[in-house]
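Peer 1: Dropping in work_1.cif, which is mmCIF, C-alpha atoms and all ligand atoms:
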```cif
data_entry
loop_
_atom_site.label_atom_id
_atom_site.label_comp_id
_atom_site.auth_asym_id
_atom_site.auth_seq_id
_atom_site.Cartn_x
_atom_site.Cartn_y
_atom_site.Cartn_z
CA MET Q 1 87.46 115.91 88.87
CA LYS Q 2 90.66 116.19 86.84
CA ALA Q 3 92.82 113.05 87.07
CA LEU Q 4 95.45 110.92 85.37
CA HIS Q 5 93.96 107.48 84.92
CA PHE Q 6 95.72 104.25 83.96
CA HIS Q 7 93.85 101.54 82.09
CA ASP Q 8 96.11 99.86 79.49
CA GLN Q 9 97.63 103.30 79.06
CA LEU Q 10 97.84 106.54 81.02
CA ARG Q 11 95.25 109.16 80.07
CA TYR Q 12 94.28 112.58 81.36
CA THR Q 13 90.58 112.94 82.08
CA PRO Q 14 88.76 116.12 83.19
CA ASP Q 15 85.74 114.22 84.56
CA PHE Q 16 86.88 111.29 86.71
CA PRO Q 17 84.33 110.60 89.49
CA ALA Q 18 85.46 112.38 92.67
CA PRO Q 19 85.75 110.21 95.81
CA GLU Q 20 82.60 110.02 97.91
CA ASN Q 21 82.45 110.52 101.68
CA ARG Q 22 82.90 107.35 103.73
CA SER Q 23 82.57 106.83 107.48
CA ASP Q 24 86.17 105.51 107.75
CA GLU Q 25 88.04 107.74 105.29
CA ILE Q 26 89.17 111.32 104.83
CA ILE Q 27 89.15 113.25 101.56
CA ILE Q 28 92.24 115.32 100.78
CA GLN Q 29 92.54 117.99 98.11
CA ILE Q 30 95.90 117.20 96.51
CA ALA Q 31 98.30 120.14 96.29
CA SER Q 32 101.21 118.41 94.53
CA ALA Q 33 102.42 114.89 93.82
CA GLY Q 34 105.81 113.58 92.68
CA ILE Q 35 106.34 110.98 89.94
CA CYS Q 36 108.44 108.01 91.07
CA ASN Q 37 109.77 105.01 89.20
CA THR Q 38 106.89 102.85 90.46
CA ASP Q 39 104.46 105.21 88.71
CA ILE Q 40 106.44 104.91 85.49
CA GLU Q 41 106.42 101.10 85.84
CA ILE Q 42 102.63 101.24 86.24
CA THR Q 43 102.30 103.16 82.96
CA ARG Q 44 104.46 100.51 81.27
CA GLY Q 45 102.15 97.78 82.55
CA TYR Q 46 104.79 96.30 84.92
CA VAL Q 47 102.52 96.46 87.98
CA PRO Q 48 100.06 93.61 87.35
CA GLY Q 49 96.39 94.29 87.92
CA PHE Q 50 96.57 98.01 88.61
CA ASN Q 51 93.85 100.08 87.00
CA GLY Q 52 93.13 103.50 88.39
CA ILE Q 53 94.83 106.72 89.39
CA PRO Q 54 98.56 106.27 90.16
CA GLY Q 55 100.60 108.54 92.49
CA HIS Q 56 101.65 108.00 96.11
CA GLU Q 57 104.16 110.79 96.92
CA PHE Q 58 101.97 113.77 97.75
CA TYR Q 59 100.71 116.34 100.17
CA GLY Q 60 97.46 118.24 100.27
CA TYR Q 61 94.79 119.77 102.50
CA VAL Q 62 91.97 117.96 104.30
CA ALA Q 63 88.80 118.73 102.35
CA SER Q 64 86.15 116.47 103.86
CA VAL Q 65 85.84 114.38 107.05
CA PRO Q 66 83.48 111.55 108.08
CA ASP Q 67 81.67 113.56 110.79
CA ALA Q 68 81.80 116.72 112.92
CA SER Q 69 84.18 115.13 115.45
CA TYR Q 70 86.95 115.46 112.84
CA ASP Q 71 86.13 119.04 111.85
CA CYS Q 72 89.38 120.30 113.43
CA LEU Q 73 91.26 118.55 110.59
CA ILE Q 74 89.60 120.55 107.80
CA GLY Q 75 92.19 122.58 105.88
CA LYS Q 76 95.18 120.94 107.63
CA ARG Q 77 98.23 120.21 105.48
CA VAL Q 78 98.65 116.44 105.39
CA THR Q 79 99.97 113.40 103.57
CA ALA Q 80 99.10 109.72 104.06
CA GLU Q 81 100.94 106.45 104.65
CA ILE Q 82 100.68 104.56 101.38
CA ASN Q 83 100.01 101.08 102.84
CA CYS Q 84 96.42 100.74 104.05
CA GLY Q 85 96.11 97.58 106.18
CA CYS Q 86 93.08 95.61 107.34
CA GLY Q 87 93.73 96.73 110.94
CA LYS Q 88 93.06 93.22 112.30
CA CYS Q 89 95.89 90.86 111.25
CA SER Q 90 99.13 90.22 113.18
CA PHE Q 91 101.10 92.56 110.88
CA CYS Q 92 98.64 95.44 111.31
CA LYS Q 93 98.61 94.93 115.09
CA ALA Q 94 102.41 95.18 115.06
CA ASP Q 95 102.26 98.52 113.16
CA LEU Q 96 103.45 96.71 110.00
CA GLU Q 97 100.53 97.52 107.67
CA ARG Q 98 103.04 97.46 104.83
CA HIS Q 99 103.04 93.64 105.14
CA CYS Q 100 99.30 93.13 105.68
CA PRO Q 101 98.18 90.42 103.19
CA ASP Q 102 94.89 92.27 102.62
CA ARG Q 103 96.36 95.75 102.27
CA THR Q 104 95.60 98.23 99.56
CA VAL Q 105 98.39 100.60 98.55
CA ILE Q 106 97.71 104.18 97.49
CA GLY Q 107 98.16 104.47 93.73
CA ILE Q 108 99.70 100.98 93.43
CA VAL Q 109 97.36 98.20 94.69
CA ASN Q 110 93.55 98.43 94.48
CA ARG Q 111 93.34 102.06 95.58
CA ASN Q 112 93.31 105.32 93.65
CA GLY Q 113 96.33 107.57 94.05
CA ALA Q 114 97.29 111.21 94.01
CA PHE Q 115 97.51 112.40 90.39
CA ALA Q 116 94.04 113.92 90.76
CA GLU Q 117 92.28 116.80 92.44
CA TYR Q 118 91.08 114.67 95.38
CA ILE Q 119 92.01 111.43 97.10
CA SER Q 120 90.22 109.42 99.81
CA VAL Q 121 92.45 107.75 102.41
CA PRO Q 122 91.68 105.58 105.48
CA LEU Q 123 91.65 107.60 108.73
CA PRO Q 124 94.58 105.72 110.35
CA THR Q 125 96.87 106.52 107.39
CA LEU Q 126 96.48 110.31 107.67
CA VAL Q 127 99.74 112.08 108.58
CA PRO Q 128 99.56 115.79 109.54
CA LEU Q 129 102.59 117.79 108.41
CA PRO Q 130 104.45 119.99 110.92
CA ASP Q 131 104.83 123.63 109.79
CA THR Q 132 108.62 123.23 109.91
CA ILE Q 133 108.52 120.94 106.86
CA PRO Q 134 108.45 122.92 103.59
CA ASP Q 135 106.09 121.85 100.79
CA ASN Q 136 108.91 120.61 98.57
CA SER Q 137 110.29 118.43 101.38
CA ALA Q 138 106.82 117.01 102.08
CA LEU Q 139 106.87 115.52 98.57
CA PHE Q 140 109.84 113.34 99.57
CA ILE Q 141 108.37 111.81 102.76
CA GLU Q 142 107.48 108.50 101.09
CA PRO Q 143 110.88 107.91 99.41
CA LEU Q 144 112.69 109.13 102.57
CA ALA Q 145 110.66 106.66 104.64
CA ALA Q 146 111.71 103.91 102.21
CA ALA Q 147 115.34 105.04 102.54
CA LEU Q 148 115.15 105.08 106.36
CA GLU Q 149 113.67 101.58 106.38
CA ILE Q 150 117.22 100.29 105.84
CA GLN Q 151 118.23 101.70 109.22
CA GLU Q 152 115.17 100.17 110.86
CA GLN Q 153 116.26 96.78 109.50
CA MET Q 154 119.99 97.02 110.28
CA ALA Q 155 122.25 99.27 112.34
CA ILE Q 156 124.55 101.44 110.24
CA LEU Q 157 127.43 102.59 112.43
CA PRO Q 158 130.20 105.19 112.08
CA ASP Q 159 132.83 102.48 111.46
CA HIS Q 160 130.87 100.87 108.61
CA ARG Q 161 132.18 101.20 105.07
CA VAL Q 162 129.06 101.55 102.93
CA LEU Q 163 128.82 101.48 99.13
CA LEU Q 164 125.61 102.79 97.60
CA ILE Q 165 125.06 101.80 93.95
CA GLY Q 166 122.80 104.24 92.12
CA ASP Q 167 122.37 108.01 91.77
CA GLY Q 168 118.66 108.27 90.93
CA LYS Q 169 115.76 109.60 92.99
CA LEU Q 170 115.67 106.81 95.58
CA ALA Q 171 119.47 106.57 95.82
CA GLN Q 172 119.66 110.32 96.53
CA CYS Q 173 117.24 109.85 99.44
CA VAL Q 174 119.19 106.83 100.71
CA ALA Q 175 122.44 108.83 100.59
CA LEU Q 176 120.90 111.76 102.50
CA THR Q 177 119.60 109.47 105.24
CA LEU Q 178 122.94 107.65 105.58
CA LYS Q 179 124.94 110.84 106.02
CA PRO Q 180 123.97 111.49 109.65
CA THR Q 181 124.98 107.92 110.63
CA GLY Q 182 128.62 108.99 110.23
CA CYS Q 183 129.41 105.86 108.20
CA SER Q 184 132.09 106.02 105.53
CA LEU Q 185 129.81 106.38 102.49
CA GLN Q 186 130.80 105.98 98.87
CA VAL Q 187 128.23 106.36 96.07
CA ALA Q 188 128.80 104.70 92.68
CA GLY Q 189 126.70 106.48 90.06
CA ARG Q 190 126.31 106.63 86.30
CA HIS Q 191 125.57 110.31 85.66
CA LYS Q 192 127.90 113.19 86.30
CA TRP Q 193 125.14 115.72 87.05
CA LYS Q 194 123.39 113.37 89.49
CA THR Q 195 126.57 112.54 91.40
CA ALA Q 196 127.31 116.29 91.46
CA LEU Q 197 124.09 116.77 93.48
CA LEU Q 198 125.43 114.30 96.05
CA GLN Q 199 128.84 115.98 96.12
CA GLN Q 200 127.09 119.25 96.95
CA GLN Q 201 125.83 117.48 100.08
CA GLY Q 202 129.42 116.50 100.96
CA ILE Q 203 129.01 112.88 99.85
CA SER Q 204 131.89 111.04 98.14
CA THR Q 205 131.00 109.69 94.67
CA THR Q 206 132.55 107.91 91.72
CA LEU Q 207 131.45 107.25 88.14
CA ASP Q 208 133.99 104.41 87.83
CA GLN Q 209 132.91 101.58 90.09
CA THR Q 210 135.81 99.39 88.94
CA SER Q 211 138.18 101.81 90.66
CA LEU Q 212 136.73 100.80 94.05
CA PRO Q 213 138.42 97.92 95.92
CA ASP Q 214 136.75 94.49 95.70
CA HIS Q 215 135.41 92.75 98.84
CA ALA Q 216 136.04 95.91 100.86
CA PHE Q 217 132.59 97.15 101.94
CA ASP Q 218 130.70 96.05 105.05
CA ILE Q 219 127.38 96.99 103.44
CA VAL Q 220 126.50 97.45 99.77
CA ILE Q 221 123.13 99.05 99.04
CA GLU Q 222 121.76 98.45 95.54
CA ALA Q 223 119.37 101.26 94.59
CA SER Q 224 120.08 101.63 90.88
CA GLY Q 225 117.36 99.30 89.61
CA SER Q 226 119.86 97.62 87.29
CA SER Q 227 119.97 93.83 87.61
CA ALA Q 228 123.69 93.87 86.66
CA ALA Q 229 124.32 95.85 89.83
CA PHE Q 230 123.61 92.80 91.99
CA GLY Q 231 126.68 91.06 90.55
CA GLU Q 232 128.68 94.24 91.15
CA ALA Q 233 127.44 94.35 94.75
CA LEU Q 234 128.63 90.75 95.26
CA THR Q 235 132.07 91.76 94.01
CA LYS Q 236 132.32 94.74 96.36
CA VAL Q 237 130.90 93.33 99.62
CA ARG Q 238 133.34 91.84 102.13
CA PRO Q 239 132.96 88.27 103.43
CA ARG Q 240 130.18 88.21 106.08
CA GLY Q 241 128.99 91.61 104.85
CA ALA Q 242 125.48 92.54 103.75
CA ILE Q 243 123.83 93.49 100.47
CA VAL Q 244 120.66 95.57 100.76
CA LEU Q 245 118.31 95.47 97.76
CA LYS Q 246 116.14 98.59 97.36
CA SER Q 247 115.04 98.02 93.74
CA THR Q 248 112.11 95.82 92.75
CA TYR Q 249 113.55 94.72 89.35
CA ALA Q 250 110.50 94.60 87.07
CA LYS Q 251 112.11 91.93 84.88
CA GLY Q 252 113.94 89.64 87.38
CA PHE Q 253 117.39 88.09 86.88
CA SER Q 254 119.32 84.89 87.62
CA PHE Q 255 122.51 84.67 89.67
CA ASN Q 256 124.95 82.10 91.02
CA PRO Q 257 124.36 81.82 94.78
CA ALA Q 258 127.77 80.16 95.42
CA PRO Q 259 129.61 83.40 96.37
CA VAL Q 260 126.75 84.32 98.72
CA VAL Q 261 127.14 80.96 100.51
CA VAL Q 262 130.94 80.80 100.46
CA ASN Q 263 131.37 84.37 101.70
CA GLU Q 264 128.37 84.15 104.06
CA ILE Q 265 126.74 87.27 102.67
CA THR Q 266 123.49 88.53 104.17
CA ILE Q 267 120.99 89.65 101.53
CA LEU Q 268 118.36 92.03 102.85
CA GLY Q 269 115.29 93.10 100.91
CA SER Q 270 114.07 96.57 101.90
CA ARG Q 271 111.00 98.45 100.70
CA CYS Q 272 108.59 100.86 102.42
CA GLY Q 273 109.23 102.55 105.74
CA ARG Q 274 107.40 104.54 108.41
CA PHE Q 275 106.39 108.10 107.58
CA SER Q 276 107.04 109.10 111.22
CA SER Q 277 110.75 108.28 110.70
CA ALA Q 278 110.87 110.47 107.58
CA ILE Q 279 109.15 113.36 109.34
CA GLY Q 280 111.61 113.07 112.25
CA PHE Q 281 114.51 113.06 109.78
CA LEU Q 282 113.21 116.17 107.97
CA GLU Q 283 112.68 118.02 111.25
CA ASN Q 284 116.09 117.14 112.67
CA HIS Q 285 118.27 117.55 109.58
CA ARG Q 286 116.30 119.99 107.36
CA PRO Q 287 117.90 118.88 104.07
CA ASP Q 288 117.27 121.09 101.03
CA LEU Q 289 115.36 118.78 98.71
CA SER Q 290 114.27 121.43 96.20
CA CYS Q 291 117.43 120.69 94.17
CA LEU Q 292 116.05 117.21 93.46
CA ILE Q 293 112.98 118.64 91.69
CA SER Q 294 113.73 119.00 87.96
CA LYS Q 295 110.41 120.25 86.62
CA ARG Q 296 106.79 120.94 87.58
CA PHE Q 297 103.64 120.59 85.47
CA PRO Q 298 99.98 121.36 86.12
CA LEU Q 299 97.70 118.30 86.35
CA THR Q 300 96.24 119.16 82.93
CA ASP Q 301 99.73 118.53 81.45
CA GLY Q 302 100.19 115.30 83.42
CA ILE Q 303 100.92 113.18 80.34
CA MET Q 304 103.75 115.54 79.41
CA ALA Q 305 104.98 115.34 83.01
CA PHE Q 306 105.26 111.54 82.72
CA GLU Q 307 107.12 111.84 79.40
CA THR Q 308 109.54 114.29 81.02
CA ALA Q 309 110.03 112.06 84.09
CA GLN Q 310 111.32 109.28 81.83
CA ARG Q 311 114.06 111.42 80.32
CA LYS Q 312 117.61 110.78 81.49
CA ASP Q 313 118.17 114.45 82.27
CA THR Q 314 115.44 114.71 84.93
CA MET Q 315 115.29 113.80 88.59
CA LYS Q 316 111.95 114.34 90.39
CA VAL Q 317 109.10 115.66 88.25
CA VAL Q 318 106.20 117.16 90.23
CA ILE Q 319 102.56 117.50 89.20
CA ASP Q 320 100.75 120.46 90.77
CA CYS Q 321 97.11 119.58 91.25
CA ILE Q 322 95.91 122.94 92.59
CA PRO Q 323 97.42 126.33 91.84
CA GLU Q 324 99.62 127.89 94.56
CA ARG Q 325 97.63 128.79 97.69
ZN ZN Q 401 107.51 106.18 95.22
ZN ZN Q 402 96.20 93.58 108.17
#
```
Would you mind writing the structure in this file as structure tokens?
Ligand SMILES: [Zn+2]
Ligand SMILES: [Zn+2]
Peer 2:
Amino acid sequence: MKALHFHDQLRYTPDFPAPENRSDEIIIQIASAGICNTDIEITRGYVPGFNGIPGHEFYGYVASVPDASYDCLIGKRVTAEINCGCGKCSFCKADLERHCPDRTVIGIVNRNGAFAEYISVPLPTLVPLPDTIPDNSALFIEPLAAALEIQEQMAILPDHRVLLIGDGKLAQCVALTLKPTGCSLQVAGRHKWKTALLQQQGISTTLDQTSLPDHAFDIVIEASGSSAAFGEALTKVRPRGAIVLKSTYAKGFSFNPAPVVVNEITILGSRCGRFSSAIGFLENHRPDLSCLISKRFPLTDGIMAFETAQRKDTMKVVIDCIPER
């Protein structure tokens, strides 16, 4: 099958072995898959040990099932939870596969991803897509789930003053999911055209973070990926407030913990979330996410798609793995 394959570098190959039928997995024909920053970090070698097909933000159609009892799924439009747990440990039993020590992660840890014609996923990870969710919105379920994870970890209330640092792909999803909370939301971005997308959604933005008052925000969410932003978050959060870290910081950084201790700041790490929350959000709020898609490429031009995704003037770049149905 056609696929983008990473081994030391990303390559397009027309003859990658297609996944074989297994008794515990389902094979999906990929329709489209979005490129996220994690995929770009994989191609730069920042995700240790990953060799294989990247890609974890996708939807497609069920192509093959383990046996006749699943035949009703054939042809259904679906996506899949990216964390595939062992199903036996205490995390998996608590519906927290994303913390299973033995998990594989689609397109990130020991499991092939979605920049290909077909993908095989464990049965429990399969997520059917309601007809009310348009194709372009389905591509954002994984980042929306990650954005909504913040609200699973902490309550965000209408009287909260929230500063979101970042205006990229993940930050846009975080901003959209915060809007319905009714909190007083301010986004500090770096790019005029990206903050303009947020303004179109009625969200208040600034390009000059220094103009915002210091120690004034109950919650500061860092989703820019810049290590310098952590220091900025410490300056903006109020005493006894919280800083939420959404970036994984490929390179790490050092910081002085004294202000965290003195001001009793809560630091909350936040990563993947539940797809069911993202689907509920899309059904209830029906945001138009097409404006976040900058460009689309066929799978055969996947390398060009990755080059484009790294340009400063693009937001989400999508790879179409089968022609329009
Ligand atoms: Zn992603
Ligand atoms: Zn487990």
Peer 1: Show me which residues sit within 7 Å of ligand ZN 402 (chain Q) when counting all atoms listed in the file, and put them as a PyMOL selection string.
Peer 2: chain Q and resi 85-92+97+100-103
Peer 1: Would you write out, as a Markdown table, a table of all residues in chain Q that have an atom no more than 10 Å from an atom of ligand ZN 401 (chain Q), listing for each the closest atom pair and the distance in Å to one decimal, considering only C-alpha atoms and all ligand atoms and ordering rows by chain and rising residue number?
Peer 2:
```
| residue | atom | partner | partner_atom | distance |
| --- | --- | --- | --- | --- |
| Q:Gly34 | CA | Q:ZN401 | ZN | 8.0 |
| Q:Ile35 | CA | Q:ZN401 | ZN | 7.2 |
| Q:Cys36 | CA | Q:ZN401 | ZN | 4.6 |
| Q:Asn37 | CA | Q:ZN401 | ZN | 6.5 |
| Q:Thr38 | CA | Q:ZN401 | ZN | 5.8 |
| Q:Asp39 | CA | Q:ZN401 | ZN | 7.3 |
| Q:Ile40 | CA | Q:ZN401 | ZN | 9.9 |
| Q:Gly55 | CA | Q:ZN401 | ZN | 7.8 |
| Q:His56 | CA | Q:ZN401 | ZN | 6.2 |
| Q:Glu57 | CA | Q:ZN401 | ZN | 5.9 |
| Q:Phe58 | CA | Q:ZN401 | ZN | 9.7 |
| Q:Ile82 | CA | Q:ZN401 | ZN | 9.3 |
| Q:Gly107 | CA | Q:ZN401 | ZN | 9.6 |
| Q:Ile108 | CA | Q:ZN401 | ZN | 9.6 |
| Q:Leu139 | CA | Q:ZN401 | ZN | 9.9 |
| Q:Phe140 | CA | Q:ZN401 | ZN | 8.7 |
| Q:Ile141 | CA | Q:ZN401 | ZN | 9.4 |
| Q:Glu142 | CA | Q:ZN401 | ZN | 6.3 |
| Q:Pro143 | CA | Q:ZN401 | ZN | 5.6 |
| Q:Leu144 | CA | Q:ZN401 | ZN | 9.5 |
| Q:Ala145 | CA | Q:ZN401 | ZN | 9.9 |
| Q:Ala146 | CA | Q:ZN401 | ZN | 8.5 |
| Q:Lys169 | CA | Q:ZN401 | ZN | 9.2 |
| Q:Leu170 | CA | Q:ZN401 | ZN | 8.2 |
| Q:Cys272 | CA | Q:ZN401 | ZN | 9.0 |
```
Peer 1: From the list Q:Ser247, Q:Asn83, Q:Thr195, Q:Ser254, which residue is nearest Q:Arg98 when using only C-alpha atoms?
Peer 2: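 Closest to Q:Arg98, using only C-alpha atoms: Q:Asn83.
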Peer 1: So which residues fall inside 6 Å of (92.5, 105.8, 84.9) if we count all atoms listed in the file? Mind giving them as a CSV table (one decimal) with C-alpha atoms, in the frame of the given file?
Peer 2:
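Writing done, so here's selection_32.csv:
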```
chain,number,residue,atom,x,y,z
Q,4,LEU,CA,95.4,110.9,85.4
Q,5,HIS,CA,94.0,107.5,84.9
Q,6,PHE,CA,95.7,104.2,84.0
Q,7,HIS,CA,93.8,101.5,82.1
Q,52,GLY,CA,93.1,103.5,88.4
Q,53,ILE,CA,94.8,106.7,89.4
```
Peer 1: For stretch 286-300 of chain Q, please output as a compact mmCIF listing (two decimals) with C-alpha atoms, in the coordinates of the input all residues within 6 Å (counting only C-alpha atoms; exclusion window: fewer than 5 positions along the same chain).
Peer 2:
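Everything below was put into around_18.txt:
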```txt
# COMPACT_ATOMS: atom_id res chain seq x y z
CA ASN Q 136 108.91 120.61 98.57
CA SER Q 137 110.29 118.43 101.38
CA ALA Q 305 104.98 115.34 83.01
CA THR Q 314 115.44 114.71 84.93
CA MET Q 315 115.29 113.80 88.59
CA LYS Q 316 111.95 114.34 90.39
CA VAL Q 317 109.10 115.66 88.25
CA VAL Q 318 106.20 117.16 90.23
CA ILE Q 319 102.56 117.50 89.20
CA ASP Q 320 100.75 120.46 90.77
CA CYS Q 321 97.11 119.58 91.25
```
Peer 1: Could you jot down the atom CA of Q:Ser204 to atom CA of Q:Phe253 separation for me, Å, one decimal place?
Peer 2: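 Between atom CA of Q:Ser204 and atom CA of Q:Phe253 the gap works out to 29.4 Å.
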Peer 1: Could you put an axis-aligned box around every listed atom of stretch 207-226 of chain Q, padded by 4 Å on each side, and send me its centre and edge lengths in Å to one decimal, as AutoDock Vina command-line options?
Peer 2:
```
--center_x 127.9 --center_y 100.0 --center_z 96.2 --size_x 29.1 --size_y 22.5 --size_z 25.8
```
Peer 1: Please indicate the distance in Å from atom CA of Q:Ala250 to atom CA of Q:Gly45, rounded to one decimal place.
Peer 2: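 It comes out at 10.0 Å.
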Peer 1: I'd like the interatomic distance between atom CA of Q:Ala171 and atom CA of Q:Ala3, to a tenth of an Å.
Peer 2: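 Interatomic distance here is 28.8 Å.
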Peer 1: Within 10 Å of Q:Asp131, counting all atoms listed in the file, which residues show up once you throw out same-chain ones fewer than 4 positions away? Write them as a PyMOL selection string, please.
Peer 2: chain Q and resi 77+135+283
Peer 1: Using all atoms listed in the file, can you tell me which of Q:Ala228, Q:Val237, Q:Ala175, Q:Val162 comes closest to Q:Gly252?
Peer 2: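 That would be Q:Ala228, the residue with the smallest distance to Q:Gly252.
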Peer 1: Ranking Q:Lys251, Q:His99, Q:Arg271, Q:Arg238 by minimum distance to Q:Ala223 and counting all atoms listed in the file, which one comes first?
Peer 2: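 The closest residue to Q:Ala223 is Q:Arg271.
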Peer 1: Which polymer residues have any atom within 10 Å of an atom of Q:Val261, counting all atoms listed in the file, with same-chain residues fewer than 4 positions away left out, as an MDAnalysis selection string?
Peer 2: chainID Q and resid 239:240 256:257 265:266
Peer 1: Q:Ala258, Q:Val121, Q:Ile267, Q:Leu212: which is nearest Q:Ala242, counting only C-alpha atoms?
Peer 2: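 Smallest distance to Q:Ala242 is found for Q:Ile267.
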